[in-house]
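Trainee: To start, I am sharing the structure in question, which I have written as structure tokens.
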Amino acid sequence: MKVGTILHVSYKELGSGEGPILQQLKKIVTDPYFEVVEVAQMKDPAVRRAAAEMISQAHMVCAYGGQGRMLGAGLNINDLQEEGRQKALASLKEGIDEAYEIHAADFAFLAGRYEEATKEQSFQALVRSTRELCDYAAQKGNMPVLCEVFDYDIAKKSLIGPVETVRRYAEEICREYDNFGLMVDLSHIPMLHETLEENLLPIRKYIRHAHMGNTVIKDPSCPAYGDEHPRFGFPDSENDVEQLAAYLRLLLQIGFLQEENRPLVSFEVKPFETEDPDVVLAGAKRTLDLAWELV
């Protein structure tokens, strides 16, 4: 696999699309451990151009995460109000433009919240939106559009979602589009109340990108509870060396990890409160090294 990290998660002060983006990006692109860096919205066009140049010079792969465009602005791609759905679509299309501008290998987004009583209507709204995103991306090139699988009842409360819904959705979109796929994340699997096998096996042929992370779900009173991506080995958390090794082992068994066409697999690990981001990132690399020995 090609190992990466998510820049705006590793350095959480960049989450707004502003801040010392180039300064922190330089730390990643000068670290030979990484072949991939995942970026998000960069509001200054000059910063985007400089970032793209830096990534290219470092001979790295870049990916673009559009999830923050929805979460930060309270937008929902499966909004049942058409005006809201169109606003979300417009923002994600703008993100696709930026992703092409920086030569990203793929573009990711997430499904929005839903009400149980209108779940099917939300699902159909998501399908309509996804078709539009795939069409829009295909008009500009061959960059894949990926939906990331999130929790449905703890933090993000996303429609995508429990594995049966995920499989139905992927099957429906992939019948029409070859530029669509799924992004999976180790940190979200415990939040979905599913085992690794339950979560990954039914959707294995649609997985095109993976994240490595951790979560706290035992204690709702913990400040790191939910989708906060604390470091591996965080107190009372779900994932460490053994769990990461099991995740990678299964991804290898289903053919996602492979030597010939190595996929993008990135850390999504965020410093907790006053933790030093560089120290946390070093810990993530050690965790992966130890896990890989067990695969």
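Residue numbers start at 1 in each chain; chains themselves are named A, B, ... in the order of the structure tokens; ligands are numbered from 1 in the order shown.
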For Lys140 in chain A, work out the shell of residues within 12 Å, counting only C-alpha atoms and skipping chain neighbours fewer than 2 positions away, then give it as a ChimeraX atom specification.

Mentor: /A:93,96-101,103,133-138,142-144,179

Trainee: Write the residues you've just listed into a file as a compact mmCIF listing (two decimals), in the first residue's frame, and include C-alpha atoms for each of them.

Mentor:
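Writing the result to out15.txt gives the following:
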# COMPACT_ATOMS: atom_id res chain seq x y z
CA LYS A 93 -18.59 20.28 -7.18
CA ILE A 96 -14.04 18.43 -7.29
CA ASP A 97 -12.75 21.45 -9.24
CA GLU A 98 -10.09 22.03 -6.56
CA ALA A 99 -9.21 18.33 -6.52
CA TYR A 100 -8.56 18.37 -10.26
CA GLU A 101 -6.62 21.61 -9.90
CA HIS A 103 -4.08 16.67 -9.48
CA LEU A 133 -21.18 14.15 -8.67
CA CYS A 134 -19.99 11.18 -10.74
CA ASP A 135 -21.22 12.82 -13.95
CA TYR A 136 -19.55 16.10 -13.03
CA ALA A 137 -16.22 14.46 -12.18
CA ALA A 138 -16.30 12.34 -15.36
CA ASN A 142 -11.02 10.16 -14.69
CA MET A 143 -10.69 11.00 -10.97
CA PRO A 144 -12.79 8.60 -8.82
CA ASN A 179 -15.70 6.23 -11.38

Trainee: Give me, as a PyMOL selection string, the residues of range 46-211 of chain A that a backbone DSSP run labels strand (DSSP E).

Mentor: chain A and resi 61-65+107-110+145-148+180-185+207-211

Trainee: Which residues come within 10 Å of Glu275 in chain A, counting only C-alpha atoms, excluding same-chain residues fewer than 5 positions away, as number ranges by chain?

Mentor: A: 231, 270, 280

Trainee: What does the file look like for those residues with N, CA and C atoms, as an mmCIF file, in the first residue's frame?

Mentor:
data_model
loop_
_atom_site.group_PDB
_atom_site.id
_atom_site.type_symbol
_atom_site.label_atom_id
_atom_site.label_comp_id
_atom_site.auth_asym_id
_atom_site.auth_seq_id
_atom_site.Cartn_x
_atom_site.Cartn_y
_atom_site.Cartn_z
ATOM 1 N N ARG A 231 -5.221 9.158 19.088
ATOM 2 C CA ARG A 231 -4.070 8.334 18.715
ATOM 3 C C ARG A 231 -4.316 6.864 19.063
ATOM 4 N N LYS A 270 -5.795 12.291 15.154
ATOM 5 C CA LYS A 270 -5.818 13.704 15.538
ATOM 6 C C LYS A 270 -5.268 13.885 16.949
ATOM 7 N N VAL A 280 2.322 12.613 17.970
ATOM 8 C CA VAL A 280 1.205 11.708 17.683
ATOM 9 C C VAL A 280 1.405 11.010 16.339
#

Trainee: Using only C-alpha atoms, which of A:Ala50, A:Leu110, A:Leu126, A:Met1 sits nearest Leu251 in chain A?

Mentor: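 Under the stated criterion, the closest residue is A:Met1.
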
Trainee: Excluding Lys218 in chain A and any residue of its chain fewer than 2 positions from it, enumerate the residues within 7 Å of it, using only C-alpha atoms, and give them as a PyMOL selection string.

Mentor: chain A and resi 216+220+236

Trainee: Let me make sure I understand: among A:Val3, A:Val29, A:Leu92, A:Val145, which one has the smallest atom-to-atom distance to Ile77 in chain A if we use only C-alpha atoms?

Mentor: A:Leu92

Trainee: Per DSSP on the backbone, filter range 33-163 of chain A down to the residues in alpha helix (DSSP H) and report them as an NGL selection string.

Mentor: :A and (45-57 or 67-71 or 82-101 or 119-140 or 163)

Trainee: Give me, please, the distance in Å between CA of Leu244 in chain A and CA of Met212 in chain A, quoted to one decimal.

Mentor: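 CA of Leu244 in chain A sits 7.3 Å away from CA of Met212 in chain A.
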
Trainee: What does the distance from CA of Ser129 in chain A to CA of Gly226 in chain A come to in Å, to one decimal?

Mentor: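 That distance, rounded to one decimal, is 27.0 Å.
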
Trainee: Using only C-alpha atoms, pick whichever of A:Glu35, A:Leu196, A:Ala40, A:Gln57 has the shortest atom-to-atom distance to Tyr11 in chain A.

Mentor: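 The closest residue to Tyr11 in chain A is A:Ala40.
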
Trainee: Between A:Val47, A:Leu25, A:Ala224, A:Met70, which has the minimum distance to Ser10 in chain A (counting only C-alpha atoms)?

Mentor: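 Among the listed residues, A:Leu25 lies closest to Ser10 in chain A.
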
Trainee: For a quick check of understanding, using only C-alpha atoms, which of A:Ala63, A:Leu75, A:Ala52, A:Ala170 has the smallest distance to Leu7 in chain A?

Mentor: A:Ala63

Trainee: Can you pull out the residues contacting range 117-122 of chain A? Cut-off 8 Å, using only C-alpha atoms, and skip same-chain residues under 3 positions away; I want them as a ChimeraX atom specification.

Mentor: /A:78-80,114,125-126,159

Trainee: Save the residues we just selected, C-alpha atoms, as a PDB file, in the first residue's frame?

Mentor:
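Saved as selection36.pdb:
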ATOM      1  CA  ASN A  78     -29.127  13.895   0.947  1.00  0.00           C
ATOM      2  CA  ASP A  79     -31.120  16.880   2.210  1.00  0.00           C
ATOM      3  CA  LEU A  80     -34.830  16.364   1.538  1.00  0.00           C
ATOM      4  CA  TYR A 114     -31.400  11.352   8.048  1.00  0.00           C
ATOM      5  CA  ALA A 125     -31.785  11.880  -2.602  1.00  0.00           C
ATOM      6  CA  LEU A 126     -28.268  10.545  -1.947  1.00  0.00           C
ATOM      7  CA  LEU A 159     -26.971   7.481   6.146  1.00  0.00           C
TER       8      LEU A 159
END

Trainee: Please identify all polymer residues within 9 Å of Asp44 in chain A, counting only C-alpha atoms, omitting same-chain residues fewer than 3 positions from it, and present them as a ChimeraX atom specification.

Mentor: /A:17-18,47-49

Trainee: Pull N, CA and C atoms from the residues just selected and write them as a compact mmCIF listing (two decimals), in the first residue's frame.

Mentor:
# COMPACT_ATOMS: atom_id res chain seq x y z
N GLY A 17 -9.42 25.45 6.40
CA GLY A 17 -8.97 25.79 5.05
C GLY A 17 -7.99 26.94 5.03
N GLU A 18 -7.60 27.37 6.21
CA GLU A 18 -6.62 28.46 6.34
C GLU A 18 -5.56 28.03 7.35
N VAL A 47 -2.14 29.40 -2.29
CA VAL A 47 -1.71 28.31 -1.41
C VAL A 47 -1.98 26.97 -2.08
N ARG A 48 -3.14 26.83 -2.74
CA ARG A 48 -3.45 25.59 -3.46
C ARG A 48 -2.39 25.30 -4.52
N ARG A 49 -2.05 26.31 -5.29
CA ARG A 49 -1.05 26.12 -6.36
C ARG A 49 0.31 25.73 -5.77

Trainee: For a test of reading the model, state the distance in Å between CA of Gln243 in chain A and CA of Met183 in chain A, rounded to one decimal.

Mentor: 18.3 Å

Trainee: List as a PyMOL selection string the protein and nucleic acid residues near His8 in chain A, meaning an atom at most 12 Å away when only C-alpha atoms are counted, but skip any in the same chain fewer than 2 places from it.

Mentor: chain A and resi 5-6+10-22+24-25+28+37-42+64-68+267-271+277

Trainee: I need the chosen residues saved as an mmCIF file, in the first residue's frame, with N, CA and C atoms.

Mentor:
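Saved the output as again32.cif:
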data_model
loop_
_atom_site.group_PDB
_atom_site.id
_atom_site.type_symbol
_atom_site.label_atom_id
_atom_site.label_comp_id
_atom_site.auth_asym_id
_atom_site.auth_seq_id
_atom_site.Cartn_x
_atom_site.Cartn_y
_atom_site.Cartn_z
ATOM 1 N N THR A 5 -1.124 10.353 5.250
ATOM 2 C CA THR A 5 -1.813 10.931 6.400
ATOM 3 C C THR A 5 -2.696 12.051 5.900
ATOM 4 N N ILE A 6 -3.699 12.378 6.716
ATOM 5 C CA ILE A 6 -4.625 13.460 6.366
ATOM 6 C C ILE A 6 -4.092 14.735 7.001
ATOM 7 N N SER A 10 -4.050 15.587 11.008
ATOM 8 C CA SER A 10 -2.784 15.559 11.737
ATOM 9 C C SER A 10 -2.469 16.926 12.332
ATOM 10 N N TYR A 11 -2.818 17.980 11.601
ATOM 11 C CA TYR A 11 -2.606 19.356 12.066
ATOM 12 C C TYR A 11 -3.963 20.048 12.067
ATOM 13 N N LYS A 12 -4.665 19.915 13.192
ATOM 14 C CA LYS A 12 -6.085 20.271 13.239
ATOM 15 C C LYS A 12 -6.339 21.770 13.077
ATOM 16 N N GLU A 13 -5.305 22.598 13.226
ATOM 17 C CA GLU A 13 -5.503 24.041 13.027
ATOM 18 C C GLU A 13 -5.749 24.400 11.566
ATOM 19 N N LEU A 14 -5.581 23.419 10.670
ATOM 20 C CA LEU A 14 -5.796 23.661 9.236
ATOM 21 C C LEU A 14 -7.219 23.326 8.799
ATOM 22 N N GLY A 15 -8.047 22.878 9.730
ATOM 23 C CA GLY A 15 -9.376 22.390 9.385
ATOM 24 C C GLY A 15 -10.285 23.415 8.737
ATOM 25 N N SER A 16 -10.009 24.690 8.944
ATOM 26 C CA SER A 16 -10.852 25.745 8.371
ATOM 27 C C SER A 16 -10.505 26.062 6.923
ATOM 28 N N GLY A 17 -9.422 25.453 6.400
ATOM 29 C CA GLY A 17 -8.969 25.786 5.045
ATOM 30 C C GLY A 17 -7.989 26.935 5.031
ATOM 31 N N GLU A 18 -7.600 27.372 6.211
ATOM 32 C CA GLU A 18 -6.616 28.456 6.343
ATOM 33 C C GLU A 18 -5.562 28.028 7.348
ATOM 34 N N GLY A 19 -4.668 28.948 7.734
ATOM 35 C CA GLY A 19 -3.608 28.613 8.678
ATOM 36 C C GLY A 19 -2.309 28.255 7.959
ATOM 37 N N PRO A 20 -1.332 27.729 8.701
ATOM 38 C CA PRO A 20 0.001 27.456 8.133
ATOM 39 C C PRO A 20 0.029 26.178 7.287
ATOM 40 N N ILE A 21 -0.772 26.144 6.238
ATOM 41 C CA ILE A 21 -0.930 24.927 5.429
ATOM 42 C C ILE A 21 0.398 24.493 4.818
ATOM 43 N N LEU A 22 1.107 25.410 4.163
ATOM 44 C CA LEU A 22 2.345 25.042 3.471
ATOM 45 C C LEU A 22 3.438 24.642 4.454
ATOM 46 N N GLN A 24 3.040 23.169 7.398
ATOM 47 C CA GLN A 24 2.777 21.816 7.901
ATOM 48 C C GLN A 24 2.865 20.782 6.786
ATOM 49 N N LEU A 25 2.445 21.153 5.587
ATOM 50 C CA LEU A 25 2.559 20.243 4.449
ATOM 51 C C LEU A 25 4.017 19.866 4.202
ATOM 52 N N ILE A 28 5.223 16.840 6.003
ATOM 53 C CA ILE A 28 4.777 15.552 5.468
ATOM 54 C C ILE A 28 5.536 15.191 4.193
ATOM 55 N N VAL A 37 -0.411 12.261 0.688
ATOM 56 C CA VAL A 37 -0.929 13.263 1.615
ATOM 57 C C VAL A 37 -2.343 13.611 1.186
ATOM 58 N N GLU A 38 -3.255 13.575 2.152
ATOM 59 C CA GLU A 38 -4.648 13.919 1.872
ATOM 60 C C GLU A 38 -4.904 15.336 2.355
ATOM 61 N N VAL A 39 -5.450 16.142 1.475
ATOM 62 C CA VAL A 39 -5.702 17.542 1.785
ATOM 63 C C VAL A 39 -7.202 17.812 1.697
ATOM 64 N N ALA A 40 -7.581 19.029 2.077
ATOM 65 C CA ALA A 40 -8.978 19.446 1.997
ATOM 66 C C ALA A 40 -9.006 20.837 1.391
ATOM 67 N N GLN A 41 -10.100 21.531 1.614
ATOM 68 C CA GLN A 41 -10.250 22.872 1.064
ATOM 69 C C GLN A 41 -9.105 23.782 1.513
ATOM 70 N N MET A 42 -8.510 24.443 0.551
ATOM 71 C CA MET A 42 -7.516 25.486 0.820
ATOM 72 C C MET A 42 -8.067 26.760 0.197
ATOM 73 N N TYR A 64 -8.064 14.238 -2.072
ATOM 74 C CA TYR A 64 -8.827 15.391 -1.598
ATOM 75 C C TYR A 64 -10.036 14.928 -0.800
ATOM 76 N N GLY A 65 -10.149 15.426 0.431
ATOM 77 C CA GLY A 65 -11.294 15.105 1.274
ATOM 78 C C GLY A 65 -12.308 16.233 1.276
ATOM 79 N N GLY A 66 -13.499 15.956 0.769
ATOM 80 C CA GLY A 66 -14.545 16.970 0.734
ATOM 81 C C GLY A 66 -15.505 16.893 1.913
ATOM 82 N N GLN A 67 -15.230 16.003 2.878
ATOM 83 C CA GLN A 67 -16.153 15.811 3.997
ATOM 84 C C GLN A 67 -16.337 17.093 4.805
ATOM 85 N N GLY A 68 -15.235 17.817 5.016
ATOM 86 C CA GLY A 68 -15.307 19.038 5.813
ATOM 87 C C GLY A 68 -16.177 20.119 5.196
ATOM 88 N N PHE A 267 -3.357 7.446 7.563
ATOM 89 C CA PHE A 267 -3.703 7.676 8.962
ATOM 90 C C PHE A 267 -4.756 8.775 9.050
ATOM 91 N N GLU A 268 -5.731 8.549 9.920
ATOM 92 C CA GLU A 268 -6.605 9.642 10.344
ATOM 93 C C GLU A 268 -6.521 9.673 11.867
ATOM 94 N N VAL A 269 -5.497 10.360 12.348
ATOM 95 C CA VAL A 269 -5.190 10.398 13.776
ATOM 96 C C VAL A 269 -5.012 11.862 14.175
ATOM 97 N N LYS A 270 -5.795 12.291 15.154
ATOM 98 C CA LYS A 270 -5.818 13.704 15.538
ATOM 99 C C LYS A 270 -5.268 13.885 16.949
ATOM 100 N N PRO A 271 -4.389 14.856 17.158
ATOM 101 C CA PRO A 271 -3.908 15.130 18.515
ATOM 102 C C PRO A 271 -5.076 15.495 19.443
ATOM 103 N N PRO A 277 1.228 17.363 17.682
ATOM 104 C CA PRO A 277 0.867 16.617 16.467
ATOM 105 C C PRO A 277 2.011 15.799 15.884
#
